[in-house]
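Following: one structure in structure tokens, then a few remarks.
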Amino acid sequence: MPKATWNGAVLAESEDTIIVEGNHYFPRESINRAYFRESQYHTTCPWKGVASYYDIAVGGKTNTNAAWYYPRPSDAAAQIQDYVAFWKGVVVS
């Protein structure tokens, strides 16, 4: 089962991930909300739309903008609505 970890904590775990461009997108209900803080950072993907980010805080350390999601993805990326992906040292195994 795919699992996302950082700084010794399990951030998300699910058998229902969706892989897009090599990234595992985890269902929002599978993330451990205790570690996530809303970020004001946003980026735009030409085909998925505007991404919003979370900072991840574990054990007194913060990984800024280490998780992203598309609150209103384009029609081409509709399957990842309500899903979260990771980068910046978060290990998905």
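Residues in the structure tokens are named by chain (A, B, ... in the order shown) and by number from 1 within that chain; ligands are numbered from 1 in the order shown.
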- [ ] Find the spatial neighbours of Gly49 of chain A, counting only C-alpha atoms, within a cut-off of 6 Å - ignore same-chain residues fewer than 3 positions away - and output them as number ranges by chain.
- [x] A: 44-45, 73-74
Run DSSP on the backbone and grab whatever in chain A lands in strand (DSSP E or B); send it over as a compact mmCIF listing (two decimals) with N, CA and C atoms, in the first residue's frame.
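result36.txt, freshly written:
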# COMPACT_ATOMS: atom_id res chain seq x y z
N LYS A 3 2.51 4.70 0.80
CA LYS A 3 2.57 5.45 2.05
C LYS A 3 3.51 6.63 1.85
N ALA A 4 3.11 7.81 2.36
CA ALA A 4 3.95 9.01 2.32
C ALA A 4 4.47 9.28 3.72
N THR A 5 5.81 9.42 3.86
CA THR A 5 6.40 9.67 5.17
C THR A 5 7.39 10.83 5.09
N TRP A 6 7.53 11.51 6.21
CA TRP A 6 8.53 12.57 6.35
C TRP A 6 8.86 12.75 7.82
N ALA A 9 7.22 10.44 10.36
CA ALA A 9 5.76 10.38 10.50
C ALA A 9 5.10 9.89 9.21
N VAL A 10 4.04 9.13 9.37
CA VAL A 10 3.24 8.71 8.22
C VAL A 10 2.24 9.84 7.93
N LEU A 11 2.39 10.46 6.77
CA LEU A 11 1.53 11.59 6.38
C LEU A 11 0.25 11.12 5.70
N ALA A 12 0.37 10.03 4.93
CA ALA A 12 -0.79 9.49 4.21
C ALA A 12 -0.51 8.05 3.86
N GLU A 13 -1.58 7.27 3.74
CA GLU A 13 -1.47 5.86 3.36
C GLU A 13 -2.78 5.45 2.72
N ILE A 18 -3.70 7.79 -7.12
CA ILE A 18 -3.74 7.98 -8.57
C ILE A 18 -2.37 8.51 -8.96
N ILE A 19 -1.73 7.88 -9.94
CA ILE A 19 -0.41 8.33 -10.37
C ILE A 19 -0.56 9.22 -11.60
N VAL A 20 -0.07 10.45 -11.47
CA VAL A 20 -0.07 11.42 -12.57
C VAL A 20 1.33 12.01 -12.65
N ASN A 23 3.78 11.13 -9.92
CA ASN A 23 3.44 11.46 -8.54
C ASN A 23 2.22 10.69 -8.07
N HIS A 24 2.32 10.13 -6.86
CA HIS A 24 1.16 9.49 -6.24
C HIS A 24 0.28 10.57 -5.63
N TYR A 25 -0.96 10.62 -6.03
CA TYR A 25 -1.95 11.51 -5.42
C TYR A 25 -2.78 10.66 -4.46
N PHE A 26 -2.79 11.07 -3.19
CA PHE A 26 -3.50 10.33 -2.14
C PHE A 26 -4.87 10.96 -1.91
N PRO A 27 -5.89 10.13 -1.69
CA PRO A 27 -7.21 10.69 -1.37
C PRO A 27 -7.10 11.58 -0.12
N ILE A 31 -5.03 11.44 4.39
CA ILE A 31 -3.93 12.19 4.99
C ILE A 31 -4.17 12.39 6.48
N PHE A 36 -0.63 18.84 8.68
CA PHE A 36 -0.80 19.73 7.54
C PHE A 36 -1.27 21.12 7.95
N ARG A 37 -0.63 22.14 7.35
CA ARG A 37 -1.01 23.54 7.57
C ARG A 37 -1.21 24.19 6.20
N GLU A 38 -2.30 24.92 6.04
CA GLU A 38 -2.54 25.61 4.77
C GLU A 38 -1.40 26.58 4.48
N SER A 39 -0.99 26.64 3.23
CA SER A 39 0.02 27.57 2.76
C SER A 39 -0.66 28.59 1.85
N GLN A 40 -0.06 29.73 1.72
CA GLN A 40 -0.59 30.75 0.79
C GLN A 40 0.01 30.60 -0.61
N TYR A 41 0.85 29.61 -0.80
CA TYR A 41 1.56 29.40 -2.06
C TYR A 41 0.65 28.73 -3.09
N HIS A 42 0.77 29.17 -4.35
CA HIS A 42 0.01 28.59 -5.46
C HIS A 42 0.89 28.54 -6.70
N THR A 43 0.66 27.54 -7.52
CA THR A 43 1.31 27.47 -8.82
C THR A 43 0.25 27.11 -9.86
N THR A 44 0.61 27.26 -11.12
CA THR A 44 -0.33 26.93 -12.19
C THR A 44 0.31 25.91 -13.12
N CYS A 45 -0.42 24.84 -13.38
CA CYS A 45 -0.02 23.83 -14.35
C CYS A 45 -0.84 24.09 -15.61
N GLY A 49 -4.36 23.03 -13.91
CA GLY A 49 -4.95 24.21 -13.31
C GLY A 49 -4.12 24.77 -12.18
N VAL A 50 -4.76 25.47 -11.24
CA VAL A 50 -4.07 26.14 -10.13
C VAL A 50 -3.97 25.18 -8.94
N ALA A 51 -2.72 25.00 -8.48
CA ALA A 51 -2.46 24.14 -7.33
C ALA A 51 -2.34 24.98 -6.06
N SER A 52 -2.87 24.45 -4.97
CA SER A 52 -2.69 25.02 -3.65
C SER A 52 -1.77 24.09 -2.87
N TYR A 53 -1.14 24.62 -1.82
CA TYR A 53 -0.12 23.86 -1.09
C TYR A 53 -0.40 23.78 0.40
N TYR A 54 0.23 22.78 1.02
CA TYR A 54 0.26 22.64 2.47
C TYR A 54 1.72 22.66 2.92
N ASP A 55 1.98 23.25 4.08
CA ASP A 55 3.23 23.05 4.79
C ASP A 55 3.01 21.81 5.65
N ILE A 56 4.08 21.04 5.86
CA ILE A 56 3.99 19.85 6.70
C ILE A 56 4.84 20.10 7.94
N ALA A 57 4.25 19.92 9.11
CA ALA A 57 4.94 20.14 10.38
C ALA A 57 4.95 18.85 11.19
N VAL A 58 6.17 18.37 11.48
CA VAL A 58 6.35 17.13 12.24
C VAL A 58 7.54 17.30 13.18
N LYS A 61 9.74 20.41 13.17
CA LYS A 61 10.31 20.82 11.88
C LYS A 61 9.18 21.08 10.89
N THR A 62 9.39 22.04 10.00
CA THR A 62 8.40 22.36 8.97
C THR A 62 9.00 22.18 7.59
N ASN A 63 8.27 21.50 6.74
CA ASN A 63 8.63 21.31 5.34
C ASN A 63 7.66 22.18 4.54
N THR A 64 8.13 23.35 4.14
CA THR A 64 7.28 24.36 3.52
C THR A 64 6.82 23.93 2.12
N ASN A 65 5.53 24.04 1.89
CA ASN A 65 4.93 23.75 0.57
C ASN A 65 5.25 22.35 0.07
N ALA A 66 5.29 21.38 0.96
CA ALA A 66 5.71 20.03 0.60
C ALA A 66 4.59 19.14 0.08
N ALA A 67 3.36 19.62 0.14
CA ALA A 67 2.22 18.86 -0.39
C ALA A 67 1.36 19.81 -1.22
N TRP A 68 0.79 19.29 -2.29
CA TRP A 68 -0.07 20.13 -3.12
C TRP A 68 -1.33 19.40 -3.53
N TYR A 69 -2.31 20.19 -3.93
CA TYR A 69 -3.59 19.67 -4.39
C TYR A 69 -4.22 20.68 -5.33
N TYR A 83 -7.52 15.04 -4.01
CA TYR A 83 -6.33 14.22 -3.83
C TYR A 83 -5.13 15.12 -3.54
N VAL A 84 -4.15 14.59 -2.81
CA VAL A 84 -2.98 15.35 -2.37
C VAL A 84 -1.71 14.61 -2.80
N ALA A 85 -0.72 15.36 -3.31
CA ALA A 85 0.57 14.79 -3.71
C ALA A 85 1.69 15.46 -2.92
N PHE A 86 2.88 14.85 -2.98
CA PHE A 86 4.00 15.29 -2.14
C PHE A 86 5.28 15.44 -2.94
N VAL A 91 8.89 10.97 1.32
CA VAL A 91 9.14 9.68 0.66
C VAL A 91 7.82 8.95 0.47
N VAL A 92 7.57 8.57 -0.77
CA VAL A 92 6.38 7.74 -1.07
C VAL A 92 6.91 6.36 -1.43
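Among A:Glu21, A:Glu15, A:Lys48, A:Ser93, the residue with the shortest atom-to-atom distance to Gln79 of chain A, counting only C-alpha atoms, is A:Lys48.
Shortest atom-to-atom contact with Gln81 of chain A among A:Gly60, A:Gly8, A:Thr17, A:Ala34: A:Thr17, counting only C-alpha atoms.
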Open item on the list: To one decimal place in Å, what is the distance between atom CA of Pro46 of chain A and atom CA of Tyr70 of chain A?
Closed with: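 Taking atom CA of Pro46 of chain A as the start and atom CA of Tyr70 of chain A as the end point, the length is 12.5 Å.
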- [ ] List every residue of chain A that DSSP, applied to the backbone, labels as helix (DSSP H, G or I), and write the result as a ChimeraX atom specification.
- [x] /A:28-30,33-35,75-80
